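Shown next: final-v6.cif, given as mmCIF, C-alpha atoms.
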data_work
#
loop_
_atom_site.label_atom_id
_atom_site.label_comp_id
_atom_site.auth_asym_id
_atom_site.auth_seq_id
_atom_site.Cartn_x
_atom_site.Cartn_y
_atom_site.Cartn_z
CA MET A 12 29.26 3.25 5.16
CA GLU A 13 30.03 3.27 8.89
CA ILE A 14 30.53 7.05 8.89
CA SER A 15 27.23 7.54 7.06
CA GLN A 16 25.38 5.35 9.56
CA GLN A 17 26.97 7.17 12.47
CA LYS A 18 25.87 10.56 11.07
CA CYS A 19 22.37 9.17 10.59
CA SER A 20 22.36 7.91 14.20
CA VAL A 21 23.43 11.29 15.54
CA THR A 22 20.74 13.00 13.47
CA PHE A 23 18.02 10.75 14.85
CA ASN A 24 19.36 11.10 18.39
CA ASN A 25 19.06 14.87 18.05
CA LEU A 26 15.59 14.50 16.58
CA GLU A 27 14.47 12.31 19.47
CA LYS A 28 15.80 14.79 22.03
CA TYR A 29 14.12 17.68 20.24
CA ALA A 30 10.75 15.92 20.30
CA MET A 31 11.12 14.80 23.92
CA ASP A 32 11.96 18.35 25.01
CA LEU A 33 8.89 19.68 23.22
CA VAL A 34 6.67 17.13 24.98
CA ALA A 35 8.28 18.02 28.31
CA LYS A 36 7.33 21.68 27.85
CA GLN A 37 3.66 20.68 27.65
CA THR A 38 3.69 17.99 30.33
CA HIS A 39 2.48 20.26 33.14
CA TYR A 40 -0.67 21.17 31.20
CA TYR A 41 -1.60 17.58 30.36
CA ASP A 42 -0.70 16.27 33.82
CA GLU A 43 -3.09 18.82 35.30
CA ILE A 44 -5.92 17.48 33.11
CA SER A 45 -5.02 13.91 34.07
CA PHE A 46 -5.10 14.80 37.77
CA TYR A 47 -8.45 16.62 37.41
CA ASN A 48 -10.12 13.73 35.61
CA THR A 49 -8.61 11.14 37.94
CA HIS A 50 -10.13 13.03 40.86
CA LYS A 51 -13.49 13.08 39.04
CA VAL A 52 -13.37 9.31 38.46
CA VAL A 53 -12.27 8.47 42.01
CA GLN A 54 -15.00 10.71 43.44
CA ALA A 55 -17.62 8.92 41.33
CA PHE A 56 -16.33 5.54 42.57
CA ARG A 57 -16.49 6.75 46.18
CA ASP A 58 -19.92 8.34 45.85
CA ASN A 59 -21.29 5.09 44.42
CA MET A 60 -19.55 3.00 47.09
CA VAL A 61 -17.95 0.61 44.62
CA SER A 62 -17.45 -2.84 46.11
CA ASP A 63 -15.70 -5.97 44.92
CA TYR A 64 -19.17 -7.51 44.78
CA TYR A 65 -20.03 -5.32 41.79
CA MET A 66 -17.31 -6.91 39.71
CA LYS A 67 -18.70 -10.45 39.76
CA PRO A 68 -19.83 -12.04 36.49
CA THR A 69 -23.48 -12.63 35.66
CA THR A 70 -25.16 -14.98 33.20
CA GLY A 71 -28.39 -15.49 31.31
CA TYR A 72 -30.86 -12.63 31.51
CA ALA A 73 -28.77 -11.00 34.25
CA TYR A 74 -31.72 -9.43 36.00
CA ASP A 75 -30.66 -7.26 38.96
CA ASP A 76 -27.02 -7.09 37.84
CA VAL A 77 -25.96 -4.57 40.50
CA GLY A 78 -22.48 -4.10 39.04
CA ARG A 79 -23.94 -3.22 35.65
CA THR A 80 -26.34 -0.72 37.22
CA LYS A 81 -23.63 0.86 39.37
CA LEU A 82 -21.30 1.29 36.40
CA ASP A 83 -24.11 3.10 34.55
CA GLU A 84 -24.51 5.42 37.54
CA ILE A 85 -20.78 6.08 37.72
CA TYR A 86 -20.66 7.02 34.02
CA ALA A 87 -23.66 9.30 34.49
CA ASP A 88 -21.88 11.03 37.38
CA ILE A 89 -18.61 11.44 35.48
CA PHE A 90 -20.31 12.86 32.40
CA ASN A 91 -22.83 14.95 34.36
CA THR A 92 -25.86 13.30 32.76
CA GLU A 93 -29.17 11.82 33.88
CA ALA A 94 -28.46 8.30 32.64
CA ALA A 95 -25.90 6.01 31.03
CA LEU A 96 -25.82 2.71 29.19
CA VAL A 97 -22.43 0.93 29.44
CA ARG A 98 -22.48 -2.52 27.89
CA SER A 99 -20.24 -5.27 26.57
CA GLN A 100 -23.02 -5.99 24.07
CA PHE A 101 -21.88 -2.99 22.02
CA VAL A 102 -19.53 -4.56 19.48
CA SER A 103 -17.82 -1.25 18.64
CA GLY A 104 -18.05 2.49 18.98
CA THR A 105 -19.85 2.57 15.64
CA HIS A 106 -22.47 0.21 17.08
CA ALA A 107 -22.99 2.47 20.11
CA LEU A 108 -23.38 5.48 17.80
CA ALA A 109 -25.85 3.62 15.60
CA VAL A 110 -27.95 2.53 18.58
CA ALA A 111 -28.02 6.07 19.98
CA ILE A 112 -29.12 7.56 16.65
CA LEU A 113 -31.48 4.87 15.40
CA GLY A 114 -33.14 4.61 18.80
CA ASN A 115 -34.09 8.28 18.74
CA LEU A 116 -35.07 8.99 15.13
CA LYS A 117 -38.22 7.97 13.26
CA PRO A 118 -39.25 8.05 9.59
CA GLY A 119 -39.84 11.65 8.53
CA ASP A 120 -37.39 13.08 11.09
CA GLU A 121 -34.39 15.05 9.91
CA VAL A 122 -30.78 14.83 11.12
CA ILE A 123 -28.12 17.40 10.28
CA ALA A 124 -24.41 16.58 10.30
CA ALA A 125 -22.97 19.84 11.64
CA THR A 126 -19.34 18.86 11.10
CA GLY A 127 -19.52 17.87 7.44
CA ALA A 128 -19.23 14.37 6.09
CA PRO A 129 -18.73 11.90 8.96
CA TYR A 130 -16.05 9.23 8.85
CA ASP A 131 -16.50 6.17 6.69
CA THR A 132 -18.28 3.82 9.08
CA MET A 133 -20.72 6.55 10.14
CA GLN A 134 -21.63 7.03 6.48
CA THR A 135 -22.95 3.47 6.41
CA ILE A 136 -25.17 4.24 9.41
CA VAL A 137 -26.53 7.26 7.59
CA GLY A 138 -26.79 5.46 4.24
CA TYR A 139 -25.28 8.39 2.37
CA PRO A 140 -23.74 8.76 -0.16
CA ASP A 141 -24.26 5.01 -0.76
CA ALA A 142 -27.53 3.26 0.06
CA VAL A 143 -27.21 0.74 2.91
CA PRO A 144 -30.08 -1.50 4.10
CA GLY A 145 -31.34 -0.51 7.55
CA SER A 146 -29.58 2.85 7.47
CA LEU A 147 -31.20 6.17 8.41
CA VAL A 148 -31.93 7.11 4.81
CA ASP A 149 -33.28 3.62 4.11
CA LEU A 150 -35.68 3.99 7.05
CA GLY A 151 -37.00 7.33 5.79
CA VAL A 152 -34.94 9.77 7.86
CA HIS A 153 -33.90 12.95 6.04
CA TYR A 154 -30.18 13.73 6.13
CA LYS A 155 -28.22 16.94 5.55
CA GLU A 156 -24.55 17.85 5.80
CA VAL A 157 -23.16 21.27 6.63
CA LYS A 158 -19.51 21.73 5.69
CA MET A 159 -17.12 23.20 8.23
CA ARG A 160 -15.19 26.38 7.52
CA GLY A 161 -11.67 25.03 7.88
CA ASN A 162 -11.38 23.98 11.52
CA LYS A 163 -14.49 25.85 12.66
CA ILE A 164 -18.14 24.82 12.72
CA ASN A 165 -20.30 27.01 10.49
CA ILE A 166 -22.86 27.74 13.18
CA ARG A 167 -24.90 30.11 11.05
CA ALA A 168 -25.16 27.55 8.24
CA VAL A 169 -26.28 24.87 10.72
CA ARG A 170 -28.99 27.17 12.05
CA GLU A 171 -30.13 28.02 8.51
CA ALA A 172 -30.26 24.31 7.58
CA MET A 173 -32.66 23.50 10.40
CA THR A 174 -36.33 22.99 9.56
CA ASP A 175 -39.46 21.99 11.44
CA LYS A 176 -38.52 18.37 10.74
CA THR A 177 -35.07 18.65 12.30
CA LYS A 178 -34.93 16.24 15.24
CA MET A 179 -31.19 15.82 15.76
CA VAL A 180 -27.90 17.58 15.07
CA HIS A 181 -24.92 15.23 14.83
CA ILE A 182 -21.54 16.54 15.97
CA GLN A 183 -18.39 14.52 15.32
CA ARG A 184 -15.60 15.55 17.67
CA SER A 185 -12.77 13.70 15.95
CA CYS A 186 -11.45 14.55 12.50
CA GLY A 187 -11.94 10.99 11.25
CA TYR A 188 -10.21 10.42 7.92
CA SER A 189 -10.48 14.09 6.97
CA SER A 190 -7.27 15.89 6.04
CA VAL A 191 -9.08 19.23 6.04
CA ARG A 192 -10.20 19.72 9.64
CA GLU A 193 -8.79 19.15 13.09
CA SER A 194 -10.66 17.68 16.03
CA LEU A 195 -13.04 19.89 17.98
CA ASP A 196 -12.50 21.33 21.42
CA VAL A 197 -15.34 21.22 23.94
CA ALA A 198 -15.78 25.01 23.89
CA SER A 199 -16.54 24.98 20.14
CA ILE A 200 -19.06 22.19 20.62
CA GLY A 201 -20.66 24.17 23.43
CA ALA A 202 -20.97 27.29 21.26
CA LEU A 203 -22.80 25.31 18.58
CA ILE A 204 -25.15 23.68 21.07
CA LYS A 205 -25.95 27.02 22.70
CA SER A 206 -26.88 28.49 19.33
CA ILE A 207 -29.04 25.49 18.39
CA LYS A 208 -30.87 25.50 21.71
CA ARG A 209 -31.56 29.22 21.44
CA ALA A 210 -33.46 28.57 18.22
CA ARG A 211 -34.86 25.08 18.88
CA PRO A 212 -34.66 23.78 22.47
CA ASP A 213 -36.29 20.49 21.37
CA VAL A 214 -33.55 19.48 18.91
CA ILE A 215 -31.33 16.65 20.16
CA CYS A 216 -27.66 17.63 20.16
CA PHE A 217 -25.81 14.35 19.73
CA VAL A 218 -22.00 14.10 20.03
CA ASP A 219 -19.77 11.34 18.72
CA ASN A 220 -17.13 11.59 21.43
CA CYS A 221 -14.84 8.80 20.19
CA TYR A 222 -11.15 9.48 20.94
CA GLY A 223 -11.96 12.65 22.91
CA GLU A 224 -12.80 11.48 26.43
CA PHE A 225 -10.58 12.84 29.23
CA THR A 226 -8.42 14.96 26.90
CA GLU A 227 -9.95 18.06 28.51
CA LYS A 228 -11.41 18.84 31.92
CA LEU A 229 -14.89 19.27 30.43
CA GLU A 230 -16.86 16.88 28.24
CA PRO A 231 -19.51 17.80 25.63
CA THR A 232 -22.27 16.82 28.09
CA ASP A 233 -20.96 19.52 30.45
CA VAL A 234 -21.75 22.14 27.80
CA GLY A 235 -25.23 21.02 26.84
CA ALA A 236 -25.00 17.85 24.71
CA ASP A 237 -28.23 15.86 25.12
CA LEU A 238 -26.75 12.55 24.03
CA MET A 239 -23.24 11.21 23.57
CA ALA A 240 -21.64 7.88 22.69
CA GLY A 241 -18.29 6.21 22.23
CA SER A 242 -16.19 3.06 22.49
CA LEU A 243 -14.64 1.28 25.47
CA ILE A 244 -11.66 -0.02 23.49
CA LYS A 245 -10.69 3.60 23.01
CA ASN A 246 -10.13 6.12 25.80
CA LEU A 247 -12.54 5.06 28.54
CA GLY A 248 -11.46 1.41 28.62
CA GLY A 249 -8.01 2.40 29.82
CA GLY A 250 -6.47 -0.41 27.78
CA LEU A 251 -8.21 -3.09 29.86
CA ALA A 252 -11.76 -3.22 28.50
CA PRO A 253 -11.91 -6.14 26.03
CA THR A 254 -14.96 -4.82 24.15
CA GLY A 255 -17.97 -2.57 24.65
CA GLY A 256 -19.31 0.93 24.28
CA TYR A 257 -21.27 3.56 26.15
CA ILE A 258 -24.13 6.01 25.70
CA VAL A 259 -24.77 8.85 28.15
CA GLY A 260 -27.28 11.68 28.22
CA ARG A 261 -30.86 12.59 28.94
CA LYS A 262 -32.78 9.78 30.61
CA ASP A 263 -35.48 9.43 27.94
CA LEU A 264 -32.94 9.42 25.10
CA VAL A 265 -30.76 6.79 26.77
CA TYR A 266 -33.84 4.67 27.41
CA ASN A 267 -34.80 4.88 23.72
CA ALA A 268 -31.31 3.77 22.79
CA ALA A 269 -31.46 0.88 25.27
CA CYS A 270 -34.69 -0.32 23.68
CA ARG A 271 -32.90 -0.34 20.35
CA LEU A 272 -29.96 -2.30 21.80
CA THR A 273 -32.13 -5.03 23.37
CA ALA A 274 -35.86 -4.82 22.69
CA PRO A 275 -38.73 -2.41 23.40
CA GLY A 276 -39.65 -2.70 27.05
CA LEU A 277 -36.52 -4.64 28.00
CA ALA A 278 -34.21 -1.65 27.58
CA GLY A 279 -31.20 -1.81 29.92
CA GLU A 280 -32.65 -4.29 32.39
CA MET A 281 -31.01 -7.29 30.73
CA GLY A 282 -27.60 -8.26 29.40
CA ALA A 283 -25.12 -10.52 31.15
CA THR A 284 -21.67 -9.32 32.18
CA LEU A 285 -19.64 -12.40 31.37
CA GLY A 286 -16.29 -13.51 32.75
CA ASP A 287 -14.08 -10.80 34.18
CA THR A 288 -15.53 -8.04 31.99
CA ALA A 289 -17.03 -6.06 34.86
CA ARG A 290 -13.69 -5.84 36.66
CA GLU A 291 -11.96 -4.80 33.44
CA PHE A 292 -14.59 -2.09 32.83
CA TYR A 293 -14.22 -0.69 36.36
CA GLU A 294 -10.44 -0.87 36.50
CA GLY A 295 -10.05 0.40 32.94
CA LEU A 296 -12.18 3.44 33.73
CA PHE A 297 -10.09 4.09 36.85
CA LEU A 298 -6.88 4.07 34.77
CA ALA A 299 -8.32 5.95 31.79
CA PRO A 300 -7.40 9.56 32.69
CA HIS A 301 -3.73 8.61 33.06
CA VAL A 302 -3.63 6.31 30.03
CA VAL A 303 -5.30 8.92 27.81
CA MET A 304 -2.54 11.40 28.63
CA GLN A 305 0.09 8.80 27.77
CA ALA A 306 -1.54 8.61 24.35
CA VAL A 307 -1.69 12.41 24.05
CA LYS A 308 2.02 12.75 24.83
CA THR A 309 2.75 10.05 22.26
CA ALA A 310 0.79 12.01 19.65
CA VAL A 311 2.66 15.24 20.46
CA PHE A 312 5.98 13.40 20.14
CA ALA A 313 4.97 11.97 16.76
CA ALA A 314 3.92 15.41 15.52
CA ALA A 315 7.24 16.91 16.58
CA VAL A 316 9.30 14.19 14.92
CA PHE A 317 7.53 14.17 11.57
CA GLU A 318 7.10 17.93 11.32
CA LYS A 319 10.85 18.25 11.84
CA LEU A 320 11.33 15.74 9.03
CA GLY A 321 9.31 17.98 6.72
CA TYR A 322 5.91 16.29 6.73
CA GLU A 323 2.56 18.00 7.23
CA VAL A 324 1.08 17.04 10.60
CA LYS A 325 -2.33 17.76 12.13
CA PRO A 326 -2.47 18.89 14.85
CA GLY A 327 0.95 20.55 15.01
CA PRO A 328 3.19 19.71 17.98
CA ASP A 329 2.41 23.03 19.71
CA ILE A 330 -1.39 22.75 19.34
CA LEU A 331 -3.42 21.77 22.40
CA ARG A 332 -5.03 18.35 22.01
CA HIS A 333 -8.74 17.56 22.04
CA ASP A 334 -8.43 13.88 21.13
CA ILE A 335 -5.70 11.25 20.87
CA ILE A 336 -5.36 11.17 17.07
CA GLN A 337 -2.33 12.38 15.13
CA CYS A 338 -2.56 12.76 11.36
CA ILE A 339 0.65 12.64 9.29
CA THR A 340 0.54 13.21 5.52
CA LEU A 341 2.99 10.80 3.87
CA HIS A 342 2.15 11.49 0.18
CA THR A 343 2.91 8.00 -1.19
CA PRO A 344 1.38 4.55 -0.64
CA TYR A 345 4.87 3.12 -0.10
CA ARG A 346 5.59 5.46 2.83
CA LEU A 347 2.17 4.72 4.33
CA GLU A 348 2.86 1.00 4.19
CA LYS A 349 6.36 1.38 5.64
CA PHE A 350 5.07 3.53 8.51
CA CYS A 351 2.46 0.91 9.42
CA GLU A 352 5.03 -1.88 9.12
CA ALA A 353 7.28 -0.07 11.59
CA ILE A 354 4.54 0.45 14.16
CA GLN A 355 3.49 -3.21 13.84
CA ALA A 356 7.08 -4.44 14.14
CA ASN A 357 7.51 -2.45 17.36
CA SER A 358 4.32 -3.70 18.98
CA PRO A 359 4.12 -6.13 21.92
CA VAL A 360 1.75 -8.48 20.06
CA ASP A 361 2.11 -9.85 16.50
CA ALA A 362 5.31 -7.91 15.91
CA HIS A 363 6.26 -10.52 13.31
CA VAL A 364 3.19 -9.79 11.18
CA ILE A 365 3.42 -7.48 8.15
CA PRO A 366 0.27 -5.36 7.64
CA VAL A 367 -1.12 -5.11 4.11
CA PRO A 368 -4.00 -3.01 2.74
CA GLY A 369 -7.38 -4.71 2.63
CA ASP A 370 -11.11 -4.10 2.30
CA LEU A 371 -12.96 -3.61 5.58
CA PRO A 372 -16.71 -3.34 6.19
CA GLY A 373 -17.89 0.26 6.17
CA TYR A 374 -14.86 1.77 4.43
CA ALA A 375 -14.83 3.14 0.88
CA ASP A 376 -11.14 2.41 0.18
CA PRO A 377 -8.72 -0.35 1.13
CA ILE A 378 -7.37 0.29 4.63
CA ILE A 379 -3.97 -0.53 6.04
CA MET A 380 -3.76 -0.95 9.81
CA ALA A 381 -1.04 -1.63 12.33
CA ALA A 382 -2.42 -2.91 15.60
CA GLY A 383 -0.17 -5.19 17.59
CA THR A 384 -2.53 -4.81 20.52
CA PHE A 385 -3.57 -6.94 23.48
CA VAL A 386 -7.22 -6.19 22.64
CA GLN A 387 -7.96 -6.65 18.95
CA GLY A 388 -8.46 -3.27 17.30
CA ALA A 389 -8.05 -1.30 20.53
CA SER A 390 -7.07 2.21 19.48
CA ILE A 391 -6.17 3.36 22.99
CA GLU A 392 -3.22 1.02 22.49
CA LEU A 393 -0.58 2.27 20.07
CA SER A 394 -1.93 1.69 16.58
CA CYS A 395 -2.28 3.41 13.25
CA ASP A 396 -4.33 3.15 10.10
CA GLY A 397 -5.04 4.96 6.90
CA PRO A 398 -7.01 4.69 3.66
CA MET A 399 -5.07 3.87 0.52
CA ARG A 400 -5.97 7.13 -1.19
CA GLU A 401 -4.31 10.48 -1.72
CA PRO A 402 -2.74 12.24 0.12
CA TYR A 403 -1.93 8.99 1.96
CA ASN A 404 -2.52 10.15 5.50
CA VAL A 405 -1.68 7.89 8.39
CA TYR A 406 -3.74 8.30 11.55
CA LEU A 407 -1.74 7.40 14.65
CA GLN A 408 -3.51 6.95 17.95
CA GLY A 409 -3.08 5.48 21.38
CA GLY A 410 -0.15 4.41 23.47
CA LEU A 411 -0.59 2.78 26.87
CA THR A 412 2.81 4.17 27.78
CA TYR A 413 4.61 7.19 26.38
CA GLU A 414 7.88 5.24 26.46
CA HIS A 415 6.57 2.59 24.08
CA GLY A 416 5.17 5.26 21.78
CA LEU A 417 8.54 6.99 21.63
CA LEU A 418 10.35 3.80 20.65
CA ALA A 419 7.88 2.84 17.93
CA ILE A 420 7.64 6.33 16.42
CA MET A 421 11.40 6.71 16.16
CA GLU A 422 11.55 3.38 14.34
CA ALA A 423 8.79 4.56 12.00
CA ALA A 424 10.80 7.71 11.23
CA LYS A 425 13.87 5.61 10.43
CA GLN A 426 11.82 3.25 8.28
CA ILE A 427 10.45 6.18 6.27
CA GLY A 428 13.99 7.50 5.86
CA ARG A 429 15.16 4.16 4.50
CA ALA A 430 12.16 4.03 2.15
CA ASP A 431 13.06 7.43 0.74
CA GLN A 432 16.66 6.35 0.19
CA GLU A 433 15.44 3.25 -1.67
CA ASP A 434 13.36 5.48 -3.95
#
Produce structure tokens that represent the structure in this file.
Amino acid sequence: MEISQQKCSVTFNNLEKYAMDLVAKQTHYYDEISFYNTHKVVQAFRDNMVSDYYMKPTTGYAYDDVGRTKLDEIYADIFNTEAALVRSQFVSGTHALAVAILGNLKPGDEVIAATGAPYDTMQTIVGYPDAVPGSLVDLGVHYKEVKMRGNKINIRAVREAMTDKTKMVHIQRSCGYSSVRESLDVASIGALIKSIKRARPDVICFVDNCYGEFTEKLEPTDVGADLMAGSLIKNLGGGLAPTGGYIVGRKDLVYNAACRLTAPGLAGEMGATLGDTAREFYEGLFLAPHVVMQAVKTAVFAAAVFEKLGYEVKPGPDILRHDIIQCITLHTPYRLEKFCEAIQANSPVDAHVIPVPGDLPGYADPIIMAAGTFVQGASIELSCDGPMREPYNVYLQGGLTYEHGLLAIMEAAKQIGRADQED
């Protein structure tokens, strides 16, 4: 028994070194992106003359909340847009997406999903394939989906699907729970937008940028996106933001979204920044370019480890990253559960808790999640989740530090190995 354990230990030591060496080969590329985006963030802070005064809490109506206004201006500068709406009142990234879409579409308008079926919670916003009260379909908005061709957007099919009623094209950057496609790079998004604008300059090109911020030097708004939204407990919060979301883009479109968030006429002029939230938003944004690359390196390490163990991984360890998500196909519900248990057990918070599958609002299947995070549900912190359906993919994301990610992933690999031996 001791000899067997020693051989197993040597094998995993070699595996760890192999994966670390592969990450090291790519470090220069990702460090360059981190440096570029850090410079962009610092420049925006300097240009807007950020002061400690901006980080004070406000209450009530919060009229003339200078810190709130300045943060909007900083986001607009970073994303090269006319306006921004950064608020703690967004309860999730899904909420920010819903506000952006619902605020800019009316009954009779048409929206086209250019990247196929969106992920589960977006399907509830759309109200397709299942009817949901208050959804786009319920409100009389026409909806179409255009399937991708593998990992590529079918630009011609999107153009052919457009009609006189088409008001918006929805582009989802992340793969979501799809095992078919990988996440989109900014250049591919830009090519689609260019083609759409050539035919119909008036169509709103809207990008769901969740998980993608700061993984490249350019953002979708740099290549023509009219409107974009995401979550602050993902990339842009830097691990510090306790809640919130953002919308950036054309001034009139952001204003429409703000009216949907609060009330017509009130728009973004109200909304208190309670407690220390403002400071956490500012500081989290400052840290975000570095933290995002910690998560990217963690994802590359995970891909290297599990590909070496014989599992299908998307993206592969040698593929350049365009978001922080790593998909690993585990094939059985037992492996999926054991993987999540290992990540949870090697988390800084609630390590003693055992995750079990459960029903969650907006998801079609029971979901198992591991999230021993300081901020509940924060997926910039090391976490993973997956639907309890074939082929039993686990979606790993986040990692405030690469070192923590390495430790947890190696334990997950060992846990899977033990599970296979038990079978």
Residues selected by the PyMOL selection byres ((chain A and resi 30) around 9), written as a ChimeraX atom specification: /A:25-29,31-35,311-316,319,328
Residue contacts of segment 344-350 of chain A (9 Å, all atoms listed in the file) excluding same-chain residues fewer than 3 positions away, as a list of chain:residue names: A:Thr340, A:Leu341, A:Ala353, A:Ile354, A:Gln355, A:Pro366, A:Val367, A:Pro368, A:Ile379, A:Met380, A:Ala381, A:Cys395, A:Asp396, A:Gly397, A:Met399, A:Arg400, A:Glu401, A:Pro402, A:Tyr403, A:Asn404, A:Val405, A:Ile420, A:Glu422, A:Ala423, A:Ala424, A:Gln426, A:Ile427, A:Ala430, A:Asp431
Taking the file above as input, evaluate the PyMOL selection byres ((chain A and resi 124) around 9) and report the hits as a tab-separated table (two decimals) with C-alpha atoms, in the frame of the given file.
chain	number	residue	atom	x	y	z
A	122	VAL	CA	-30.78	14.83	11.12
A	123	ILE	CA	-28.12	17.40	10.28
A	125	ALA	CA	-22.97	19.84	11.64
A	126	THR	CA	-19.34	18.86	11.10
A	127	GLY	CA	-19.52	17.87	7.44
A	128	ALA	CA	-19.23	14.37	6.09
A	129	PRO	CA	-18.73	11.90	8.96
A	154	TYR	CA	-30.18	13.73	6.13
A	155	LYS	CA	-28.22	16.94	5.55
A	156	GLU	CA	-24.55	17.85	5.80
A	157	VAL	CA	-23.16	21.27	6.63
A	158	LYS	CA	-19.51	21.73	5.69
A	169	VAL	CA	-26.28	24.87	10.72
A	179	MET	CA	-31.19	15.82	15.76
A	180	VAL	CA	-27.90	17.58	15.07
A	181	HIS	CA	-24.92	15.23	14.83
A	182	ILE	CA	-21.54	16.54	15.97
A	183	GLN	CA	-18.39	14.52	15.32
Residues matched by the PyMOL selection byres ((chain A and resi 70) around 10) as number ranges by chain: A: 68-69, 71-74, 76, 281-286
Now that the selection is made, can you save its residues with C-alpha atoms as a PDB file, in the coordinates of the input?
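Generated output (again-v3.pdb):
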ATOM      1  CA  PRO A  68     -19.830 -12.040  36.490  1.00  0.00           C
ATOM      2  CA  THR A  69     -23.480 -12.630  35.660  1.00  0.00           C
ATOM      3  CA  GLY A  71     -28.390 -15.490  31.310  1.00  0.00           C
ATOM      4  CA  TYR A  72     -30.860 -12.630  31.510  1.00  0.00           C
ATOM      5  CA  ALA A  73     -28.770 -11.000  34.250  1.00  0.00           C
ATOM      6  CA  TYR A  74     -31.720  -9.430  36.000  1.00  0.00           C
ATOM      7  CA  ASP A  76     -27.020  -7.090  37.840  1.00  0.00           C
ATOM      8  CA  MET A 281     -31.010  -7.290  30.730  1.00  0.00           C
ATOM      9  CA  GLY A 282     -27.600  -8.260  29.400  1.00  0.00           C
ATOM     10  CA  ALA A 283     -25.120 -10.520  31.150  1.00  0.00           C
ATOM     11  CA  THR A 284     -21.670  -9.320  32.180  1.00  0.00           C
ATOM     12  CA  LEU A 285     -19.640 -12.400  31.370  1.00  0.00           C
ATOM     13  CA  GLY A 286     -16.290 -13.510  32.750  1.00  0.00           C
TER      14      GLY A 286
END
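Using only C-alpha atoms, the smallest distance between any of A:Val259, A:Val61, A:Ile335, A:Leu82 and Asn246 of chain A comes from A:Ile335.
Interatomic distance, atom CA of Thr288 of chain A against atom CA of Gly255 of chain A: 9.5 Å.
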Nearest to Asp263 of chain A, chosen from A:Thr38, A:Asn59, A:Thr92, A:Gln54, with only C-alpha atoms counted in the distances: A:Thr92
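Our summary of the geometry notes that atom CA of Leu96 of chain A is positioned 16.8 Å from atom CA of Pro253 of chain A.
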Distance of atom CA of Cys186 of chain A from atom CA of Glu392 of chain A, expressed in Å to one decimal place: 18.7 Å
Selection: 10 Å around Thr49 of chain A, only C-alpha atoms, excl. self and same-chain fewer than 5 positions, as a list in words: Glu43, Ile44, Gln54, Ala55, Phe225, Leu296, Phe297, Leu298, Ala299, Pro300 and His301 of chain A
Residue nearest Ser99 of chain A - candidates A:Pro144, A:Gly256, A:Gly295, A:Pro377, atoms counted: only C-alpha atoms: A:Gly256
